$ cat entry-v3.cif   # mmCIF, C-alpha atoms
data_final
loop_
_atom_site.group_PDB
_atom_site.id
_atom_site.type_symbol
_atom_site.label_atom_id
_atom_site.label_comp_id
_atom_site.auth_asym_id
_atom_site.auth_seq_id
_atom_site.Cartn_x
_atom_site.Cartn_y
_atom_site.Cartn_z
ATOM 1 C CA ASP A 11 88.490 -49.513 -12.317
ATOM 2 C CA HIS A 12 85.043 -50.825 -12.672
ATOM 3 C CA ALA A 13 81.960 -48.601 -12.058
ATOM 4 C CA ILE A 14 79.813 -49.891 -9.305
ATOM 5 C CA GLY A 15 76.029 -49.288 -9.749
ATOM 6 C CA LEU A 16 73.951 -48.584 -6.668
ATOM 7 C CA TRP A 17 70.655 -50.442 -6.550
ATOM 8 C CA LEU A 18 67.880 -50.191 -4.080
ATOM 9 C CA ALA A 19 65.616 -52.987 -3.154
ATOM 10 C CA LEU A 20 61.956 -51.862 -3.194
ATOM 11 C CA GLY A 21 59.762 -54.604 -2.084
ATOM 12 C CA ARG A 22 60.468 -57.516 -4.378
ATOM 13 C CA LYS A 23 61.689 -55.261 -7.204
ATOM 14 C CA ILE A 24 65.118 -53.836 -7.594
ATOM 15 C CA VAL A 25 65.210 -50.160 -8.833
ATOM 16 C CA SER A 26 68.246 -48.020 -9.300
ATOM 17 C CA ALA A 27 68.473 -44.671 -7.479
ATOM 18 C CA ASP A 28 68.759 -42.833 -10.814
ATOM 19 C CA ILE A 29 65.473 -44.249 -12.024
ATOM 20 C CA LEU A 30 63.809 -43.437 -8.699
ATOM 21 C CA ASP A 31 65.006 -39.830 -8.863
ATOM 22 C CA GLU A 32 63.768 -39.563 -12.449
ATOM 23 C CA LEU A 33 60.347 -40.880 -11.481
ATOM 24 C CA GLN A 34 60.179 -38.569 -8.469
ATOM 25 C CA SER A 35 61.055 -35.598 -10.668
ATOM 26 C CA ALA A 36 58.343 -36.607 -13.149
ATOM 27 C CA SER A 37 55.841 -36.937 -10.323
ATOM 28 C CA ASP A 38 56.742 -33.546 -8.904
ATOM 29 C CA GLY A 39 56.460 -31.964 -12.360
ATOM 30 C CA ALA A 40 53.058 -33.555 -12.960
ATOM 31 C CA ARG A 41 51.857 -32.352 -9.565
ATOM 32 C CA ALA A 42 53.070 -28.807 -10.273
ATOM 33 C CA SER A 43 51.382 -28.895 -13.677
ATOM 34 C CA CYS A 44 48.162 -30.121 -12.077
ATOM 35 C CA ASN A 45 48.292 -27.313 -9.511
ATOM 36 C CA ALA A 46 48.891 -24.802 -12.297
ATOM 37 C CA HIS A 47 45.832 -26.122 -14.170
ATOM 38 C CA ARG A 48 43.790 -25.933 -10.965
ATOM 39 C CA ALA A 49 44.853 -22.304 -10.577
ATOM 40 C CA GLU A 50 43.767 -21.681 -14.182
ATOM 41 C CA VAL A 51 40.368 -23.236 -13.406
ATOM 42 C CA ASP A 52 40.013 -21.055 -10.308
ATOM 43 C CA ARG A 53 40.908 -17.961 -12.326
ATOM 44 C CA ALA A 54 38.397 -18.967 -14.993
ATOM 45 C CA ARG A 55 35.674 -19.425 -12.355
ATOM 46 C CA ALA A 56 36.524 -16.049 -10.849
ATOM 47 C CA GLY A 57 36.277 -14.537 -14.331
ATOM 48 C CA ILE A 58 32.853 -16.145 -14.846
ATOM 49 C CA ALA A 59 31.635 -14.805 -11.475
ATOM 50 C CA ALA A 60 32.889 -11.312 -12.354
ATOM 51 C CA ALA A 61 31.184 -11.502 -15.750
ATOM 52 C CA GLU A 62 27.921 -12.614 -14.124
ATOM 53 C CA GLN A 63 28.104 -9.715 -11.676
ATOM 54 C CA GLU A 64 28.740 -7.306 -14.521
ATOM 55 C CA LEU A 65 25.861 -8.805 -16.503
ATOM 56 C CA ALA A 66 23.577 -8.382 -13.473
ATOM 57 C CA LYS A 67 24.181 -4.628 -13.693
ATOM 58 C CA TYR A 68 22.451 -4.648 -17.062
ATOM 59 C CA SER A 69 19.357 -6.428 -15.731
ATOM 60 C CA VAL A 70 16.564 -4.750 -13.761
ATOM 61 C CA ARG A 71 14.433 -7.078 -11.658
ATOM 62 C CA ALA A 72 11.271 -6.152 -9.785
ATOM 63 C CA PRO A 73 11.054 -7.343 -6.178
ATOM 64 C CA PHE A 74 7.548 -8.683 -6.853
ATOM 65 C CA ASP A 75 5.379 -10.024 -9.659
ATOM 66 C CA GLY A 76 3.335 -7.295 -11.312
ATOM 67 C CA VAL A 77 2.293 -5.392 -14.402
ATOM 68 C CA ILE A 78 4.406 -2.750 -16.155
ATOM 69 C CA ALA A 79 2.334 0.421 -16.100
ATOM 70 C CA GLU A 80 4.847 2.781 -17.691
ATOM 71 C CA GLN A 81 8.251 2.458 -19.356
ATOM 72 C CA ASN A 82 10.571 5.473 -19.286
ATOM 73 C CA ALA A 83 13.652 4.022 -21.027
ATOM 74 C CA GLU A 84 14.276 2.793 -24.561
ATOM 75 C CA VAL A 85 16.315 -0.192 -25.734
ATOM 76 C CA GLY A 86 19.987 0.746 -25.889
ATOM 77 C CA GLU A 87 19.576 3.789 -23.668
ATOM 78 C CA TRP A 88 22.047 4.175 -20.788
ATOM 79 C CA VAL A 89 20.580 4.740 -17.338
ATOM 80 C CA THR A 90 22.454 5.644 -14.172
ATOM 81 C CA PRO A 91 21.542 5.871 -10.482
ATOM 82 C CA SER A 92 20.182 9.174 -9.210
ATOM 83 C CA PRO A 93 22.843 11.646 -8.039
ATOM 84 C CA PRO A 94 22.813 12.516 -4.325
ATOM 85 C CA MET A 95 19.916 14.815 -3.299
ATOM 86 C CA LEU A 96 18.322 14.466 -6.748
ATOM 87 C CA THR A 97 15.603 12.154 -8.002
ATOM 88 C CA ALA A 98 15.840 10.689 -11.483
ATOM 89 C CA PRO A 99 12.779 9.334 -13.317
ATOM 90 C CA SER A 100 12.133 5.662 -12.735
ATOM 91 C CA ILE A 101 13.022 3.240 -15.526
ATOM 92 C CA VAL A 102 9.673 1.465 -15.309
ATOM 93 C CA ASP A 103 6.635 1.697 -13.066
ATOM 94 C CA VAL A 104 5.444 -1.717 -11.894
ATOM 95 C CA LEU A 105 2.066 -2.291 -10.252
ATOM 96 C CA ASP A 106 1.058 -5.198 -8.075
ATOM 97 C CA PRO A 107 -2.652 -5.843 -8.855
ATOM 98 C CA ASP A 108 -2.929 -7.958 -5.709
ATOM 99 C CA SER A 109 -1.864 -5.103 -3.424
ATOM 100 C CA ILE A 110 -4.372 -2.310 -4.094
ATOM 101 C CA TYR A 111 -5.045 0.039 -1.173
ATOM 102 C CA LEU A 112 -6.455 3.489 -0.561
ATOM 103 C CA SER A 113 -4.183 6.282 0.651
ATOM 104 C CA ALA A 114 -6.146 9.141 2.194
ATOM 105 C CA PRO A 115 -5.310 12.325 4.135
ATOM 106 C CA MET A 116 -7.324 12.722 7.341
ATOM 107 C CA ASP A 117 -7.632 15.937 9.334
ATOM 108 C CA GLU A 118 -5.089 16.090 12.150
ATOM 109 C CA VAL A 119 -7.948 16.760 14.594
ATOM 110 C CA ASP A 120 -9.123 13.177 14.063
ATOM 111 C CA SER A 121 -5.668 11.592 14.126
ATOM 112 C CA GLY A 122 -5.968 10.580 17.771
ATOM 113 C CA ASP A 123 -9.114 8.571 17.057
ATOM 114 C CA ILE A 124 -7.804 6.600 14.069
ATOM 115 C CA ARG A 125 -6.213 3.229 14.741
ATOM 116 C CA VAL A 126 -5.061 0.232 12.742
ATOM 117 C CA ASP A 127 -7.789 -2.402 12.131
ATOM 118 C CA GLN A 128 -10.617 0.110 12.402
ATOM 119 C CA ARG A 129 -13.462 -0.547 9.969
ATOM 120 C CA ALA A 130 -13.800 1.788 7.001
ATOM 121 C CA ILE A 131 -16.383 2.451 4.307
ATOM 122 C CA ILE A 132 -14.844 3.107 0.885
ATOM 123 C CA THR A 133 -16.533 4.906 -1.997
ATOM 124 C CA VAL A 134 -14.927 5.022 -5.437
ATOM 125 C CA ASP A 135 -15.689 7.716 -8.011
ATOM 126 C CA SER A 136 -15.707 5.170 -10.823
ATOM 127 C CA ARG A 137 -18.371 3.126 -8.963
ATOM 128 C CA PRO A 138 -21.110 5.686 -8.236
ATOM 129 C CA GLY A 139 -23.775 4.551 -5.816
ATOM 130 C CA GLN A 140 -21.623 1.749 -4.405
ATOM 131 C CA SER A 141 -19.692 1.451 -1.170
ATOM 132 C CA PHE A 142 -17.166 -1.149 -0.068
ATOM 133 C CA SER A 143 -15.990 -2.302 3.331
ATOM 134 C CA GLY A 144 -12.353 -2.075 4.321
ATOM 135 C CA ARG A 145 -10.027 -1.642 7.265
ATOM 136 C CA VAL A 146 -7.211 0.682 8.278
ATOM 137 C CA VAL A 147 -3.812 -0.985 7.820
ATOM 138 C CA ARG A 148 -1.508 1.980 8.473
ATOM 139 C CA VAL A 149 -1.571 5.337 10.212
ATOM 140 C CA ALA A 150 1.363 7.616 9.447
ATOM 141 C CA PRO A 151 3.504 8.459 12.514
ATOM 142 C CA TYR A 152 3.670 12.144 11.558
ATOM 143 C CA VAL A 153 1.464 15.019 10.376
ATOM 144 C CA LEU A 154 1.899 16.553 6.934
ATOM 145 C CA ASP A 155 2.008 20.339 6.660
ATOM 146 C CA PHE A 156 0.638 21.823 3.430
ATOM 147 C CA GLU A 157 -0.101 25.343 2.299
ATOM 148 C CA ALA A 158 -2.586 27.454 4.258
ATOM 149 C CA GLN A 159 -1.657 25.461 7.367
ATOM 150 C CA ASN A 160 -3.683 22.484 6.212
ATOM 151 C CA ARG A 161 -2.371 19.673 8.405
ATOM 152 C CA THR A 162 -3.326 16.070 7.756
ATOM 153 C CA VAL A 163 -2.263 12.573 8.730
ATOM 154 C CA GLU A 164 -1.968 10.000 5.960
ATOM 155 C CA ILE A 165 -3.692 6.642 6.395
ATOM 156 C CA GLU A 166 -3.852 3.502 4.255
ATOM 157 C CA VAL A 167 -7.024 1.444 3.904
ATOM 158 C CA GLU A 168 -7.334 -1.988 2.299
ATOM 159 C CA PHE A 169 -10.474 -3.498 0.767
ATOM 160 C CA ASP A 170 -11.947 -6.477 2.604
ATOM 161 C CA ASP A 171 -12.750 -8.127 -0.746
ATOM 162 C CA ASN A 172 -9.580 -8.699 -2.781
ATOM 163 C CA ALA A 173 -11.659 -9.444 -5.877
ATOM 164 C CA VAL A 174 -13.150 -5.951 -5.712
ATOM 165 C CA ALA A 175 -9.749 -4.363 -5.107
ATOM 166 C CA ALA A 176 -8.319 -6.098 -8.188
ATOM 167 C CA GLN A 177 -10.966 -4.383 -10.335
ATOM 168 C CA ILE A 178 -10.081 -0.868 -9.145
ATOM 169 C CA LEU A 179 -7.570 0.892 -11.368
ATOM 170 C CA PRO A 180 -4.576 2.359 -9.497
ATOM 171 C CA GLY A 181 -4.833 6.133 -9.286
ATOM 172 C CA THR A 182 -8.634 6.127 -9.104
ATOM 173 C CA SER A 183 -10.177 8.821 -6.896
ATOM 174 C CA ALA A 184 -11.816 7.410 -3.773
ATOM 175 C CA ASP A 185 -12.930 8.397 -0.287
ATOM 176 C CA ALA A 186 -12.656 6.542 3.010
ATOM 177 C CA GLU A 187 -14.959 7.030 5.985
ATOM 178 C CA ILE A 188 -13.519 5.623 9.198
ATOM 179 C CA VAL A 189 -16.070 3.973 11.462
ATOM 180 C CA ARG A 190 -15.153 5.136 14.963
ATOM 181 C CA ASP A 191 -18.274 3.694 16.553
ATOM 182 C CA ALA A 192 -21.489 1.984 15.460
ATOM 183 C CA ARG A 193 -24.879 1.679 17.144
ATOM 184 C CA ASP A 194 -27.937 -0.303 16.135
ATOM 185 C CA GLY A 195 -31.604 0.315 16.876
ATOM 186 C CA VAL A 196 -31.370 4.115 17.181
ATOM 187 C CA VAL A 197 -33.411 6.950 15.665
ATOM 188 C CA ARG A 198 -31.476 8.628 12.854
ATOM 189 C CA ILE A 199 -32.105 11.467 10.433
ATOM 190 C CA PRO A 200 -30.297 12.640 7.285
ATOM 191 C CA THR A 201 -27.406 14.898 8.279
ATOM 192 C CA ARG A 202 -28.503 17.442 5.686
ATOM 193 C CA SER A 203 -31.710 18.033 7.702
ATOM 194 C CA LEU A 204 -29.780 19.570 10.641
ATOM 195 C CA LEU A 205 -29.785 23.312 11.148
ATOM 196 C CA GLU A 206 -27.091 25.195 13.054
ATOM 197 C CA GLY A 207 -27.212 24.408 16.745
ATOM 198 C CA ASP A 208 -28.577 20.886 16.225
ATOM 199 C CA ARG A 209 -32.080 21.989 15.316
ATOM 200 C CA VAL A 210 -34.542 20.544 12.818
ATOM 201 C CA LEU A 211 -37.793 21.613 11.169
ATOM 202 C CA VAL A 212 -40.758 19.314 11.709
ATOM 203 C CA PRO A 213 -44.308 19.696 10.362
ATOM 204 C CA VAL A 214 -46.851 20.128 13.159
ATOM 205 C CA GLU A 215 -50.499 20.546 12.116
ATOM 206 C CA GLY A 216 -49.513 21.903 8.714
ATOM 207 C CA VAL A 217 -46.926 24.400 9.992
ATOM 208 C CA LEU A 218 -43.131 24.035 10.202
ATOM 209 C CA GLU A 219 -41.902 24.056 13.758
ATOM 210 C CA GLU A 220 -38.268 24.405 14.819
ATOM 211 C CA ARG A 221 -37.145 21.885 17.382
ATOM 212 C CA GLU A 222 -33.861 21.329 19.172
ATOM 213 C CA VAL A 223 -32.569 17.751 19.183
ATOM 214 C CA GLU A 224 -29.769 15.931 20.978
ATOM 215 C CA ILE A 225 -27.359 14.425 18.469
ATOM 216 C CA GLY A 226 -25.151 11.415 19.116
ATOM 217 C CA LEU A 227 -23.037 9.790 16.426
ATOM 218 C CA ARG A 228 -23.039 11.404 13.013
ATOM 219 C CA ASN A 229 -21.363 11.089 9.638
ATOM 220 C CA TRP A 230 -21.779 12.674 6.234
ATOM 221 C CA ASN A 231 -25.066 10.870 5.613
ATOM 222 C CA TYR A 232 -26.853 10.284 8.906
ATOM 223 C CA ALA A 233 -27.008 11.587 12.468
ATOM 224 C CA GLU A 234 -28.204 9.734 15.561
ATOM 225 C CA VAL A 235 -30.986 11.463 17.489
ATOM 226 C CA ARG A 236 -30.839 10.724 21.213
ATOM 227 C CA ASN A 237 -33.628 13.041 22.247
ATOM 228 C CA GLY A 238 -36.121 15.433 20.649
ATOM 229 C CA LEU A 239 -37.643 13.230 17.949
ATOM 230 C CA ALA A 240 -39.719 10.092 18.077
ATOM 231 C CA GLU A 241 -39.407 7.240 15.623
ATOM 232 C CA GLY A 242 -41.551 7.921 12.548
ATOM 233 C CA GLU A 243 -41.664 11.733 12.875
ATOM 234 C CA LEU A 244 -41.035 13.730 9.713
ATOM 235 C CA VAL A 245 -38.213 16.256 9.267
ATOM 236 C CA VAL A 246 -37.514 18.711 6.465
ATOM 237 C CA THR A 247 -34.431 17.889 4.364
ATOM 238 C CA THR A 248 -34.675 20.650 1.704
ATOM 239 C CA LEU A 249 -33.256 23.472 3.782
ATOM 240 C CA ASP A 250 -31.707 25.347 0.854
ATOM 241 C CA ARG A 251 -34.984 27.068 -0.067
ATOM 242 C CA ILE A 252 -35.564 30.531 1.324
ATOM 243 C CA GLU A 253 -39.265 29.868 1.934
ATOM 244 C CA VAL A 254 -38.444 26.908 4.188
ATOM 245 C CA ALA A 255 -38.482 28.523 7.641
ATOM 246 C CA PRO A 256 -40.220 28.150 11.009
ATOM 247 C CA GLY A 257 -43.899 29.114 10.738
ATOM 248 C CA ALA A 258 -44.191 28.329 7.023
ATOM 249 C CA ARG A 259 -47.210 26.301 6.055
ATOM 250 C CA VAL A 260 -46.424 22.816 4.766
ATOM 251 C CA GLU A 261 -48.406 20.155 2.994
ATOM 252 C CA ILE A 262 -47.378 16.480 2.881
ATOM 253 C CA SER A 263 -47.737 15.581 -0.761
ATOM 254 C CA ASN A 264 -46.090 12.169 -1.222
ATOM 255 C CA GLU A 265 -45.788 8.878 0.539
ATOM 256 C CA ASN A 266 -42.225 9.504 1.649
ATOM 257 C CA GLY A 267 -43.251 12.609 3.627
ATOM 258 C CA GLU A 268 -40.794 14.950 1.883
#

$ encode --input "entry-v3.cif" --output "structure tokens"
Amino acid sequence: DHAIGLWLALGRKIVSADILDELQSASDGARASCNAHRAEVDRARAGIAAAEQELAKYSVRAPFDGVIAEQNAEVGEWVTPSPPMLTAPSIVDVLDPDSIYLSAPMDEVDSGDIRVDQRAIITVDSRPGQSFSGRVVRVAPYVLDFEAQNRTVEIEVEFDDNAVAAQILPGTSADAEIVRDARDGVVRIPTRSLLEGDRVLVPVEGVLEEREVEIGLRNWNYAEVRNGLAEGELVVTTLDRIEVAPGARVEISNENGE
């Protein structure tokens, strides 16, 4: 008997079935190998991503640009998140010099009259004799309760001049006076010249005379006089002396009338 070979005609070329099967097997093997290498690449990429995530746990990034004010951890020291209901010291304290504001407690009695965008006058202990303009940017939605039933509402005030704010060191003591209303062209006197019951002492023909006045707006420094005093009249401001009383003789001795 003679073996009969089976040939297949492929296009213009004649290829045996055995050779075609061999080539198909080689192709399938190469494809499987390629898929296996792709899987290895995917696993390697997954490993890189996992390593990057693990590395990120060892990096602490601030959510803003700033200056490190205090560092509470040393190189090589392990730090962990705070346990529930407990507060652990911060790793670093970062300050944003472009976001300086004043946080001040205001008496709860005045809380109903304080609103965002109200004008404020800021005085800073490290800048004696100076005052700066600002505005209210936040009023706390609750009242704080301290010892001795001292209840206050916290407000935040920003400086109008960012250049001035950048020169104020964080933690500096300061005061804020909220401007609830302002009036021009009125008669005003120093607040320290007011006696109890809105009365003042005025010199009349060399003798101190007590006079009742109607007071309008007032702050720590000045009080508006609506009625009872004329523009240019003198009032006594040194009320802490025992000899300063109605009926006492007075002599104007300087150009300021004090």

$ closest_residue --input "entry-v3.cif" --among "A:Ser35, A:Ser109, A:Asn45, A:Asn231" --to "A:Gly76" --atoms "all atoms listed in the file"
A:Ser109

$ closest_residue --input "entry-v3.cif" --among "A:Arg259, A:Ala240, A:Gln177, A:Arg202" --to "A:Gly216" --atoms "all atoms listed in the file"
A:Arg259

$ resolve_selection --input "entry-v3.cif" --expression "the PyMOL selection byres ((chain A and resi 92-103) around 9)" --output "list of chain:residue names"
A:Val70, A:Val77, A:Ile78, A:Ala79, A:Glu80, A:Gln81, A:Asn82, A:Ala83, A:Val89, A:Thr90, A:Pro91, A:Val104, A:Leu105

$ residues_near_point --input "entry-v3.cif" --point "(-6.5, 8.3, 1.3)" --cutoff "8 Å" --atoms "only C-alpha atoms" --output "PyMOL selection string"
chain A and resi 112-116+164-167+184-186

$ closest_residue --input "entry-v3.cif" --among "A:Phe169, A:Leu218, A:Tyr152, A:Asp208" --to "A:Glu253" --atoms "only C-alpha atoms"
A:Leu218

$ resolve_selection --input "entry-v3.cif" --expression "the PyMOL selection byres ((chain A and resi 245) around 9)" --output "mmCIF file with C-alpha atoms, in the frame of the given file"
data_model
loop_
_atom_site.group_PDB
_atom_site.id
_atom_site.type_symbol
_atom_site.label_atom_id
_atom_site.label_comp_id
_atom_site.auth_asym_id
_atom_site.auth_seq_id
_atom_site.Cartn_x
_atom_site.Cartn_y
_atom_site.Cartn_z
ATOM 1 C CA ILE A 199 -32.105 11.467 10.433
ATOM 2 C CA PRO A 200 -30.297 12.640 7.285
ATOM 3 C CA SER A 203 -31.710 18.033 7.702
ATOM 4 C CA VAL A 210 -34.542 20.544 12.818
ATOM 5 C CA LEU A 211 -37.793 21.613 11.169
ATOM 6 C CA VAL A 212 -40.758 19.314 11.709
ATOM 7 C CA PRO A 213 -44.308 19.696 10.362
ATOM 8 C CA GLU A 243 -41.664 11.733 12.875
ATOM 9 C CA LEU A 244 -41.035 13.730 9.713
ATOM 10 C CA VAL A 246 -37.514 18.711 6.465
ATOM 11 C CA THR A 247 -34.431 17.889 4.364
ATOM 12 C CA GLY A 267 -43.251 12.609 3.627
ATOM 13 C CA GLU A 268 -40.794 14.950 1.883
#

$ atom_distance --input "entry-v3.cif" --atom1 "atom CA of A:Lys67" --atom2 "atom CA of A:Val51"
24.7 Å

$ build_atoms --input "entry-v3.cif" --residues "stretch 26-41 of chain A" --atoms "N, CA, C and O atoms" --output "compact mmCIF listing (two decimals), in the frame of the given file"
# COMPACT_ATOMS: atom_id res chain seq x y z
N SER A 26 67.04 -48.82 -9.53
CA SER A 26 68.25 -48.02 -9.30
C SER A 26 67.85 -46.66 -8.74
O SER A 26 66.74 -46.16 -8.96
N ALA A 27 68.72 -46.00 -8.05
CA ALA A 27 68.47 -44.67 -7.48
C ALA A 27 68.24 -43.64 -8.56
O ALA A 27 67.45 -42.71 -8.41
N ASP A 28 68.94 -43.78 -9.71
CA ASP A 28 68.76 -42.83 -10.81
C ASP A 28 67.34 -42.88 -11.35
O ASP A 28 66.71 -41.85 -11.62
N ILE A 29 66.83 -44.09 -11.50
CA ILE A 29 65.47 -44.25 -12.02
C ILE A 29 64.46 -43.69 -11.01
O ILE A 29 63.51 -43.02 -11.36
N LEU A 30 64.71 -43.94 -9.73
CA LEU A 30 63.81 -43.44 -8.70
C LEU A 30 63.78 -41.92 -8.69
O LEU A 30 62.70 -41.30 -8.59
N ASP A 31 64.96 -41.29 -8.80
CA ASP A 31 65.01 -39.83 -8.86
C ASP A 31 64.28 -39.30 -10.09
O ASP A 31 63.59 -38.27 -10.04
N GLU A 32 64.43 -39.98 -11.21
CA GLU A 32 63.77 -39.56 -12.45
C GLU A 32 62.25 -39.64 -12.31
O GLU A 32 61.52 -38.74 -12.71
N LEU A 33 61.79 -40.74 -11.68
CA LEU A 33 60.35 -40.88 -11.48
C LEU A 33 59.82 -39.84 -10.49
O LEU A 33 58.72 -39.30 -10.67
N GLN A 34 60.60 -39.57 -9.44
CA GLN A 34 60.18 -38.57 -8.47
C GLN A 34 60.09 -37.19 -9.11
O GLN A 34 59.17 -36.42 -8.86
N SER A 35 61.07 -36.89 -9.97
CA SER A 35 61.06 -35.60 -10.67
C SER A 35 59.83 -35.49 -11.57
O SER A 35 59.18 -34.44 -11.68
N ALA A 36 59.52 -36.60 -12.27
CA ALA A 36 58.34 -36.61 -13.15
C ALA A 36 57.06 -36.41 -12.35
O ALA A 36 56.14 -35.69 -12.75
N SER A 37 57.02 -37.08 -11.18
CA SER A 37 55.84 -36.94 -10.32
C SER A 37 55.68 -35.51 -9.82
O SER A 37 54.58 -34.94 -9.84
N ASP A 38 56.80 -34.93 -9.39
CA ASP A 38 56.74 -33.55 -8.90
C ASP A 38 56.33 -32.59 -10.02
O ASP A 38 55.56 -31.64 -9.80
N GLY A 39 56.83 -32.82 -11.23
CA GLY A 39 56.46 -31.96 -12.36
C GLY A 39 54.98 -32.08 -12.70
O GLY A 39 54.31 -31.09 -13.01
N ALA A 40 54.48 -33.35 -12.66
CA ALA A 40 53.06 -33.56 -12.96
C ALA A 40 52.19 -32.87 -11.92
O ALA A 40 51.15 -32.28 -12.24
N ARG A 41 52.64 -32.99 -10.62
CA ARG A 41 51.86 -32.35 -9.56
C ARG A 41 51.86 -30.84 -9.73
O ARG A 41 50.83 -30.17 -9.54
